[in-house]
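Undergrad: So I've got this file, input_16.cif, and it contains mmCIF, C-alpha atoms:
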```cif
data_target
loop_
_atom_site.group_PDB
_atom_site.id
_atom_site.type_symbol
_atom_site.label_atom_id
_atom_site.label_comp_id
_atom_site.auth_asym_id
_atom_site.auth_seq_id
_atom_site.Cartn_x
_atom_site.Cartn_y
_atom_site.Cartn_z
ATOM 1 C CA MET M 1 -4.392 -32.661 6.254
ATOM 2 C CA ASN M 2 -2.581 -35.783 7.394
ATOM 3 C CA SER M 3 -3.454 -36.140 11.090
ATOM 4 C CA GLU M 4 -0.592 -38.598 11.603
ATOM 5 C CA LYS M 5 1.840 -35.719 11.106
ATOM 6 C CA THR M 6 0.349 -33.670 13.960
ATOM 7 C CA VAL M 7 0.662 -36.386 16.595
ATOM 8 C CA PRO M 8 3.800 -36.173 18.758
ATOM 9 C CA ILE M 9 5.916 -39.247 18.141
ATOM 10 C CA ILE M 10 7.171 -41.365 21.034
ATOM 11 C CA PRO M 11 10.843 -40.867 20.273
ATOM 12 C CA LYS M 12 13.736 -43.249 20.563
ATOM 13 C CA ASP M 13 16.588 -40.996 21.586
ATOM 14 C CA ARG M 14 15.048 -38.419 23.902
ATOM 15 C CA PRO M 15 12.419 -38.392 26.661
ATOM 16 C CA ILE M 16 8.837 -37.591 25.796
ATOM 17 C CA ARG M 17 7.026 -34.980 27.880
ATOM 18 C CA TRP M 18 3.823 -35.981 29.678
ATOM 19 C CA GLU M 19 1.793 -33.433 27.701
ATOM 20 C CA GLU M 20 3.133 -34.781 24.403
ATOM 21 C CA TRP M 21 2.271 -38.328 25.387
ATOM 22 C CA LEU M 22 -1.254 -37.266 26.369
ATOM 23 C CA MET M 23 -1.729 -35.484 23.029
ATOM 24 C CA GLY M 24 -1.022 -38.658 21.086
ATOM 25 C CA ARG M 25 -3.339 -40.988 22.990
ATOM 26 C CA ARG M 26 -6.410 -40.793 20.771
ATOM 27 C CA ALA M 27 -4.444 -41.143 17.544
ATOM 28 C CA ARG M 28 -2.553 -44.187 18.831
ATOM 29 C CA ARG M 29 -5.812 -45.822 19.954
ATOM 30 C CA GLN M 30 -7.429 -45.136 16.570
ATOM 31 C CA THR M 31 -4.443 -46.540 14.699
ATOM 32 C CA GLY M 32 -4.541 -49.749 16.711
ATOM 33 C CA ASN M 33 -8.285 -50.048 16.148
ATOM 34 C CA ARG M 34 -7.626 -50.394 12.407
ATOM 35 C CA VAL M 35 -5.790 -53.683 12.916
ATOM 36 C CA ALA M 36 -7.281 -55.177 16.100
ATOM 37 C CA PRO M 37 -10.382 -54.873 18.297
ATOM 38 C CA GLU M 38 -10.528 -51.740 20.457
ATOM 39 C CA LEU M 39 -10.424 -53.650 23.758
ATOM 40 C CA ILE M 40 -7.814 -56.394 23.955
ATOM 41 C CA ARG M 41 -7.486 -56.875 27.705
ATOM 42 C CA ARG M 42 -6.928 -60.564 28.394
ATOM 43 C CA PRO M 43 -9.995 -62.359 29.718
ATOM 44 C CA GLY M 44 -7.970 -64.077 32.419
ATOM 45 C CA SER M 45 -4.537 -64.653 33.926
ATOM 46 C CA SER M 46 -2.873 -66.067 37.012
ATOM 47 C CA SER M 47 -3.538 -62.718 38.724
ATOM 48 C CA ASP M 48 -7.305 -63.072 38.388
ATOM 49 C CA PRO M 49 -8.192 -63.707 42.029
ATOM 50 C CA ARG M 50 -6.485 -60.602 43.356
ATOM 51 C CA LEU M 51 -7.524 -58.392 40.432
ATOM 52 C CA ARG M 52 -11.187 -59.378 40.477
ATOM 53 C CA LYS M 53 -11.301 -58.867 44.227
ATOM 54 C CA LEU M 54 -9.890 -55.342 43.900
ATOM 55 C CA PHE M 55 -11.863 -54.291 40.814
ATOM 56 C CA ASN M 56 -15.371 -55.556 41.621
ATOM 57 C CA GLY M 57 -15.164 -58.682 39.500
ATOM 58 C CA GLN M 58 -13.178 -57.078 36.668
ATOM 59 C CA ARG M 59 -9.454 -57.318 35.897
ATOM 60 C CA GLY M 60 -8.908 -53.572 36.064
ATOM 61 C CA LEU M 61 -10.635 -50.231 35.743
ATOM 62 C CA PRO M 62 -12.756 -49.676 32.620
ATOM 63 C CA PHE M 63 -11.045 -48.005 29.672
ATOM 64 C CA LYS M 64 -12.157 -44.703 28.220
ATOM 65 C CA LYS M 65 -13.582 -44.720 24.715
ATOM 66 C CA SER M 66 -11.435 -43.345 21.897
ATOM 67 C CA GLU M 67 -13.497 -40.171 21.646
ATOM 68 C CA GLU M 68 -12.941 -39.472 25.341
ATOM 69 C CA LEU M 69 -9.148 -39.544 25.076
ATOM 70 C CA MET Y 1 10.119 -36.572 48.034
ATOM 71 C CA ASN Y 2 8.934 -35.661 51.496
ATOM 72 C CA THR Y 3 5.954 -37.235 53.224
ATOM 73 C CA ASP Y 4 3.530 -34.489 52.209
ATOM 74 C CA GLN Y 5 4.534 -34.744 48.550
ATOM 75 C CA ILE Y 6 4.085 -38.491 48.637
ATOM 76 C CA GLN Y 7 0.665 -38.223 50.271
ATOM 77 C CA ARG Y 8 -0.504 -35.697 47.666
ATOM 78 C CA ALA Y 9 0.743 -37.929 44.867
ATOM 79 C CA LEU Y 10 -0.985 -40.983 46.340
ATOM 80 C CA ALA Y 11 -4.267 -39.069 46.647
ATOM 81 C CA ASP Y 12 -3.978 -37.942 43.026
ATOM 82 C CA ILE Y 13 -3.282 -41.478 41.814
ATOM 83 C CA ALA Y 14 -6.036 -43.030 43.923
ATOM 84 C CA ALA Y 15 -8.554 -40.559 42.464
ATOM 85 C CA GLU Y 16 -7.486 -41.251 38.856
ATOM 86 C CA SER Y 17 -9.930 -43.485 36.966
ATOM 87 C CA ASP Y 18 -8.207 -43.660 33.555
ATOM 88 C CA PRO Y 19 -6.173 -46.919 33.616
ATOM 89 C CA PRO Y 20 -3.083 -45.901 31.584
ATOM 90 C CA ILE Y 21 -2.752 -42.554 33.349
ATOM 91 C CA LYS Y 22 -3.205 -44.141 36.754
ATOM 92 C CA LEU Y 23 -0.546 -46.783 36.066
ATOM 93 C CA LEU Y 24 2.000 -44.367 34.610
ATOM 94 C CA LYS Y 25 1.556 -41.884 37.465
ATOM 95 C CA LEU Y 26 2.045 -44.753 39.889
ATOM 96 C CA ALA Y 27 5.135 -45.882 37.962
ATOM 97 C CA SER Y 28 6.442 -42.328 38.222
ATOM 98 C CA LEU Y 29 5.965 -42.230 41.986
ATOM 99 C CA VAL Y 30 7.406 -45.702 42.574
ATOM 100 C CA SER Y 31 10.394 -44.890 40.341
ATOM 101 C CA ALA Y 32 10.995 -41.676 42.301
ATOM 102 C CA VAL Y 33 11.115 -43.269 45.749
ATOM 103 C CA PHE Y 34 13.344 -46.113 44.540
ATOM 104 C CA ARG Y 35 15.614 -43.655 42.729
ATOM 105 C CA GLU Y 36 16.121 -41.786 45.987
ATOM 106 C CA ARG Y 37 17.652 -45.005 47.332
ATOM 107 C CA GLY Y 38 19.860 -45.446 44.254
ATOM 108 C CA VAL Y 39 17.636 -48.059 42.593
ATOM 109 C CA GLU Y 40 16.578 -47.723 38.945
ATOM 110 C CA LEU Y 41 13.418 -49.470 37.752
ATOM 111 C CA VAL Y 42 11.855 -49.987 34.316
ATOM 112 C CA VAL Y 43 8.224 -50.601 33.363
ATOM 113 C CA VAL Y 44 7.673 -53.864 31.486
ATOM 114 C CA GLY Y 45 4.719 -55.929 30.268
ATOM 115 C CA GLY Y 46 1.198 -54.664 29.724
ATOM 116 C CA SER Y 47 1.767 -51.204 31.168
ATOM 117 C CA ALA Y 48 4.613 -50.623 28.720
ATOM 118 C CA ILE Y 49 2.474 -51.870 25.825
ATOM 119 C CA GLU Y 50 -0.262 -49.476 26.912
ATOM 120 C CA PHE Y 51 2.197 -46.569 26.950
ATOM 121 C CA TYR Y 52 3.108 -47.193 23.306
ATOM 122 C CA THR Y 53 -0.251 -48.260 21.883
ATOM 123 C CA GLU Y 54 -3.127 -46.967 24.062
ATOM 124 C CA GLY Y 55 -4.346 -50.432 23.217
ATOM 125 C CA ALA Y 56 -6.873 -50.977 26.022
ATOM 126 C CA TYR Y 57 -4.847 -54.012 27.065
ATOM 127 C CA VAL Y 58 -3.471 -53.361 30.521
ATOM 128 C CA SER Y 59 -5.078 -54.839 33.622
ATOM 129 C CA GLY Y 60 -4.912 -53.518 37.167
ATOM 130 C CA ASP Y 61 -1.307 -54.324 37.862
ATOM 131 C CA LEU Y 62 1.928 -52.551 37.127
ATOM 132 C CA ASP Y 63 4.986 -54.691 36.386
ATOM 133 C CA MET Y 64 8.419 -53.204 36.957
ATOM 134 C CA CYS Y 65 11.897 -54.737 36.798
ATOM 135 C CA LEU Y 66 15.241 -53.839 38.315
ATOM 136 C CA VAL Y 67 17.768 -52.083 36.087
ATOM 137 C CA SER Y 68 20.410 -51.308 38.689
ATOM 138 C CA PRO Y 69 21.311 -52.830 40.971
ATOM 139 C CA SER Y 70 20.174 -56.111 39.463
ATOM 140 C CA ARG Y 71 19.196 -57.501 42.860
ATOM 141 C CA LEU Y 72 17.558 -55.821 45.816
ATOM 142 C CA ASP Y 73 17.164 -57.341 49.246
ATOM 143 C CA LEU Y 74 13.677 -57.834 50.607
ATOM 144 C CA ARG Y 75 14.131 -55.540 53.598
ATOM 145 C CA THR Y 76 15.026 -52.620 51.329
ATOM 146 C CA ARG Y 77 12.045 -53.344 49.057
ATOM 147 C CA GLN Y 78 9.720 -53.326 52.054
ATOM 148 C CA GLU Y 79 11.217 -50.133 53.485
ATOM 149 C CA ILE Y 80 10.884 -48.246 50.219
ATOM 150 C CA MET Y 81 7.362 -49.435 49.461
ATOM 151 C CA GLY Y 82 6.442 -48.689 53.055
ATOM 152 C CA ARG Y 83 6.989 -44.996 52.295
ATOM 153 C CA LEU Y 84 4.035 -45.298 49.906
ATOM 154 C CA GLY Y 85 1.792 -46.954 52.478
ATOM 155 C CA ALA Y 86 1.945 -50.129 50.413
ATOM 156 C CA VAL Y 87 0.352 -53.332 51.666
ATOM 157 C CA GLY Y 88 1.883 -56.758 51.018
ATOM 158 C CA GLY Y 89 5.227 -57.651 49.505
ATOM 159 C CA PRO Y 90 7.985 -58.558 49.101
ATOM 160 C CA ARG Y 91 7.452 -58.657 45.311
ATOM 161 C CA SER Y 92 3.841 -57.511 44.962
ATOM 162 C CA TRP Y 93 2.066 -54.720 46.780
ATOM 163 C CA GLN Y 94 -1.240 -52.922 46.733
ATOM 164 C CA VAL Y 95 -0.854 -49.156 46.428
ATOM 165 C CA ALA Y 96 -3.376 -46.424 45.583
ATOM 166 C CA GLY Y 97 -5.935 -48.869 44.243
ATOM 167 C CA GLN Y 98 -3.534 -50.799 42.009
ATOM 168 C CA TYR Y 99 -1.083 -53.649 42.314
ATOM 169 C CA VAL Y 100 2.631 -53.071 41.809
ATOM 170 C CA ASP Y 101 4.888 -56.038 41.084
ATOM 171 C CA ILE Y 102 8.641 -55.538 41.280
ATOM 172 C CA LEU Y 103 10.204 -58.489 39.527
ATOM 173 C CA GLY Y 104 13.854 -59.395 39.025
ATOM 174 C CA GLU Y 105 16.461 -57.966 36.686
ATOM 175 C CA VAL Y 106 15.089 -56.691 33.384
ATOM 176 C CA GLU Y 107 15.651 -58.983 30.409
ATOM 177 C CA THR Y 108 16.523 -57.183 27.216
ATOM 178 C CA LEU Y 109 18.398 -58.249 24.105
ATOM 179 C CA THR Y 110 18.042 -55.062 22.102
ATOM 180 C CA ARG Y 111 20.586 -52.274 21.855
ATOM 181 C CA SER Y 112 17.814 -49.740 21.600
ATOM 182 C CA GLY Y 113 17.856 -48.601 25.203
ATOM 183 C CA PHE Y 114 14.852 -47.763 27.312
ATOM 184 C CA ARG Y 115 12.363 -45.049 26.426
ATOM 185 C CA GLU Y 116 11.629 -42.334 28.968
ATOM 186 C CA LEU Y 117 8.458 -40.489 29.915
ATOM 187 C CA GLN Y 118 8.680 -37.248 31.884
ATOM 188 C CA ALA Y 119 5.765 -38.049 34.144
ATOM 189 C CA PRO Y 120 4.231 -35.944 36.938
ATOM 190 C CA TYR Y 121 6.340 -37.364 39.794
ATOM 191 C CA GLY Y 122 9.555 -37.897 37.876
ATOM 192 C CA PRO Y 123 10.957 -39.825 34.918
ATOM 193 C CA VAL Y 124 9.617 -43.258 34.063
ATOM 194 C CA ARG Y 125 11.743 -45.706 32.106
ATOM 195 C CA LEU Y 126 9.976 -48.144 29.799
ATOM 196 C CA VAL Y 127 11.277 -51.254 28.125
ATOM 197 C CA SER Y 128 11.820 -50.656 24.415
ATOM 198 C CA PRO Y 129 9.098 -51.305 21.841
ATOM 199 C CA GLU Y 130 11.656 -53.415 19.968
ATOM 200 C CA ASP Y 131 11.924 -55.803 22.934
ATOM 201 C CA LEU Y 132 8.156 -55.838 23.448
ATOM 202 C CA LEU Y 133 7.396 -56.552 19.808
ATOM 203 C CA VAL Y 134 9.740 -59.507 19.450
ATOM 204 C CA GLU Y 135 8.603 -60.923 22.783
ATOM 205 C CA ARG Y 136 4.895 -60.632 21.916
ATOM 206 C CA VAL Y 137 5.362 -62.273 18.536
ATOM 207 C CA LEU Y 138 7.153 -65.174 20.206
ATOM 208 C CA ILE Y 139 4.364 -65.560 22.771
ATOM 209 C CA SER Y 140 1.764 -65.334 20.014
ATOM 210 C CA VAL Y 141 3.223 -68.447 18.368
ATOM 211 C CA TYR Y 142 4.867 -70.536 21.124
ATOM 212 C CA PRO Y 143 4.094 -72.722 22.958
ATOM 213 C CA GLN Y 144 0.813 -72.402 21.021
ATOM 214 C CA ARG Y 145 -1.098 -69.664 19.267
ATOM 215 C CA HIS Y 146 -2.062 -66.968 21.759
ATOM 216 C CA GLU Y 147 -4.353 -64.328 20.323
ATOM 217 C CA PRO Y 148 -3.965 -61.632 23.027
ATOM 218 C CA ALA Y 149 -0.215 -61.490 22.364
ATOM 219 C CA GLU Y 150 -0.815 -61.283 18.611
ATOM 220 C CA LEU Y 151 -3.265 -58.403 19.070
ATOM 221 C CA CYS Y 152 -0.687 -56.518 21.161
ATOM 222 C CA ALA Y 153 1.925 -57.103 18.463
ATOM 223 C CA ARG Y 154 -0.465 -55.920 15.747
ATOM 224 C CA LYS Y 155 -1.129 -52.668 17.612
ATOM 225 C CA LEU Y 156 2.589 -52.092 18.246
ATOM 226 C CA ILE Y 157 3.362 -52.653 14.579
ATOM 227 C CA ALA Y 158 0.541 -50.313 13.548
ATOM 228 C CA VAL Y 159 1.657 -47.347 15.663
ATOM 229 C CA ALA Y 160 5.236 -47.842 14.493
ATOM 230 C CA LEU Y 161 4.305 -48.051 10.802
ATOM 231 C CA SER Y 162 2.137 -44.950 11.257
ATOM 232 C CA GLY Y 163 5.045 -42.937 12.644
ATOM 233 C CA GLN Y 164 3.549 -42.546 16.111
ATOM 234 C CA VAL Y 165 6.251 -44.588 17.833
ATOM 235 C CA GLU Y 166 9.848 -44.484 16.655
ATOM 236 C CA LEU Y 167 10.976 -48.076 16.207
ATOM 237 C CA ASP Y 168 14.247 -49.493 14.911
ATOM 238 C CA TRP Y 169 13.076 -52.167 12.447
ATOM 239 C CA ALA Y 170 16.634 -53.364 11.783
ATOM 240 C CA GLU Y 171 17.135 -53.926 15.482
ATOM 241 C CA VAL Y 172 13.822 -55.779 15.723
ATOM 242 C CA ARG Y 173 14.996 -58.060 12.938
ATOM 243 C CA ARG Y 174 18.390 -58.627 14.521
ATOM 244 C CA VAL Y 175 16.840 -59.654 17.849
ATOM 245 C CA ALA Y 176 14.101 -61.750 16.246
ATOM 246 C CA GLU Y 177 16.777 -63.721 14.390
ATOM 247 C CA ARG Y 178 18.842 -64.384 17.520
ATOM 248 C CA PRO Y 179 18.951 -67.945 18.863
ATOM 249 C CA GLU Y 180 17.008 -66.818 21.927
ATOM 250 C CA TYR Y 181 13.984 -65.989 19.725
ATOM 251 C CA ARG Y 182 14.272 -67.474 16.188
ATOM 252 C CA ILE Y 183 10.947 -65.859 15.359
ATOM 253 C CA PHE Y 184 11.711 -63.569 12.435
ATOM 254 C CA PRO Y 185 9.634 -65.413 9.787
ATOM 255 C CA ALA Y 186 6.488 -65.077 11.927
ATOM 256 C CA LEU Y 187 7.289 -61.459 12.694
ATOM 257 C CA GLU Y 188 7.931 -60.607 9.042
ATOM 258 C CA LYS Y 189 4.596 -62.174 8.084
ATOM 259 C CA LEU Y 190 2.690 -60.262 10.761
ATOM 260 C CA VAL Y 191 4.331 -56.954 9.829
ATOM 261 C CA ALA Y 192 3.400 -57.561 6.185
ATOM 262 C CA GLU Y 193 -0.231 -58.280 7.151
ATOM 263 C CA VAL Y 194 -0.576 -55.148 9.277
ATOM 264 C CA ALA Y 195 1.175 -53.007 6.667
ATOM 265 C CA ARG Y 196 -1.242 -54.251 4.013
ATOM 266 C CA GLU Y 197 -4.244 -53.504 6.239
ATOM 267 C CA LEU Y 198 -2.957 -49.962 6.813
ATOM 268 C CA GLY Y 199 -2.059 -49.420 3.175
ATOM 269 C CA LYS Y 200 1.605 -48.970 4.004
ATOM 270 C CA ASP Y 201 4.846 -50.619 2.925
ATOM 271 C CA SER Y 202 6.439 -53.247 5.139
ATOM 272 C CA PRO Y 203 9.946 -52.240 6.261
ATOM 273 C CA TYR Y 204 10.963 -55.818 5.423
ATOM 274 C CA HIS Y 205 9.577 -55.736 1.888
ATOM 275 C CA SER Y 206 12.460 -56.256 -0.525
#
```
As structure tokens - that is how I would like this structure written.
TA:
Amino acid sequence: MNSEKTVPIIPKDRPIRWEEWLMGRRARRQTGNRVAPELIRRPGSSSDPRLRKLFNGQRGLPFKKSEEL
Amino acid sequence: MNTDQIQRALADIAAESDPPIKLLKLASLVSAVFRERGVELVVVGGSAIEFYTEGAYVSGDLDMCLVSPSRLDLRTRQEIMGRLGAVGGPRSWQVAGQYVDILGEVETLTRSGFRELQAPYGPVRLVSPEDLLVERVLISVYPQRHEPAELCARKLIAVALSGQVELDWAEVRRVAERPEYRIFPALEKLVAEVARELGKDSPYHS
């Protein structure tokens, strides 16, 4: 079975429902992982001071792993 | 939305620990309160990339731009964000454990139109993946090579080639060839690379 066919597409000409978007999260993450590292958050930016202050030294909340999506 | 509805939404968002869900719920709430005042917003930048790719890219801030009207006075911004208990301003606020930046008028050269997510507190508009892709490829090359932008572009290309995001490749090409970008050769090369890695055909392969 081709799993790509079961994932709701993010369409161009109509809104996507929240539930549909949620259903596609893991597949989109896994597709991206085939061509780039899993985590690609920038190591720094001009917003660093405020972000690191709010997120205990990080630039945002930690991401879930693919298998948790 | 009345005060109780807003407070419940804020509590839900503050308790959310999954970055993309937290940011998109917040975008939904912010869009709703601005829409009630006749102002349409669109999500841009890293939060929009996250929506399309689930790429583990976004940081702890949500960037939104004005669609209509194209300008909004500071007093109105502060009044609307005040309904959410926001701190700061007049272009950046802290709300529900995140930052929200409301920038100027959205910049878009594509004819693709915005995408829309029916999120828990109302519709969220997102800048098109066509705009994001061309922009990221430009940033990945100029003024010098910038790997984070290239990685975003690679993930966008991958989900589009895999049929998970509907993308107008002809429109991407048209915009990438415009004088404002002049980046099509780099984009074509990157699409070919990603297509080869996925075992798929490039839409630009002749």
Undergrad: Could you please tell me, as a list in words, which residues of chain M have an atom within 7 Å of chain Y when using all atoms listed in the file?
TA: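 Result: Glu4, Val7, Pro8, Ile9, Ile10, Pro11, Lys12, Pro15, Ile16, Arg17, Trp18, Arg25, Arg28, Arg29, Thr31, Gly32, Val35, Ala36, Glu38, Leu39, Ile40, Arg41, Arg42, Leu51, Arg59, Gly60, Leu61, Phe63 and Lys64 of chain M.
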Undergrad: What does the distance between CA of Pro43 (chain M) and CA of Glu135 (chain Y) come to in Å, to one decimal place?
TA: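 Atom-to-atom, CA of Pro43 (chain M) and CA of Glu135 (chain Y) are spaced 19.9 Å apart.
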Undergrad: Could you work out how far CA of Val39 (chain Y) lies from CA of Leu109 (chain Y), giving the answer in Å with one decimal?
TA: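 CA of Val39 (chain Y) lies at a distance of 21.1 Å from CA of Leu109 (chain Y).
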Undergrad: Check the smallest atom-to-atom distance from each of Y:Glu40, Y:Val33, Y:Val95, Y:Gly122 to Glu79 (chain Y) using all atoms listed in the file, then report the winner.
TA: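 Among the listed residues, the smallest separation from Glu79 (chain Y) belongs to Y:Val33.
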Undergrad: How many Å lie between CA of Gln144 (chain Y) and CA of Arg196 (chain Y), rounded to one decimal?
TA: 25.0 Å
Undergrad: Taking the file as I've supplied it (selection: the PyMOL selection byres ((chain Y and resi 88) around 12)), which residues are included? Please answer as a VMD selection string.
TA: (chain M and resid 50) or (chain Y and resid 74 77 to 79 81 to 82 84 to 87 89 to 95 99 to 102)
Undergrad: Between Y:Arg174, Y:Arg37, Y:Arg111, Y:Arg75, which residue has the minimum interatomic distance to Asp13 (chain M), considering all atoms listed in the file?
TA: Y:Arg111
Undergrad: So for region 9-26 of chain M, what box centre and size do we get, axis-aligned, 6 Å extra on each of the six sides, every listed atom, Å to one decimal, as AutoDock Vina command-line options?
TA:
```
--center_x 5.1 --center_y -38.3 --center_z 23.9 --size_x 35.0 --size_y 21.8 --size_z 23.5
```
Undergrad: Which residues, protein or nucleic acid, reach to within 6 Å of (6.5, -49.0, 36.9) in the file's coordinates when using all atoms listed in the file, and can you give that as a ChimeraX atom specification?
TA: /Y:27,43,62-64
Undergrad: From the set M:Glu67, M:Pro37, M:Arg52, M:Arg26, which residue has the shortest atom-to-atom contact distance to Thr6 (chain M), counting all atoms listed in the file?
TA: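 Closest to Thr6 (chain M), using all atoms listed in the file: M:Arg26.
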Undergrad: Which residues, named as in the file, does the PyMOL selection byres ((chain Y and resi 108) around 8) pick out? Answer as a PyMOL selection string.
TA: chain Y and resi 106-107+109-110+127+131
Undergrad: Just checking: using only C-alpha atoms, which residue out of Y:Val134, Y:Gly104, Y:Tyr121, Y:Glu36 ends up closest to Ile6 (chain Y)?
TA: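 Looking at the shortest contact to Ile6 (chain Y), the residue is Y:Tyr121.
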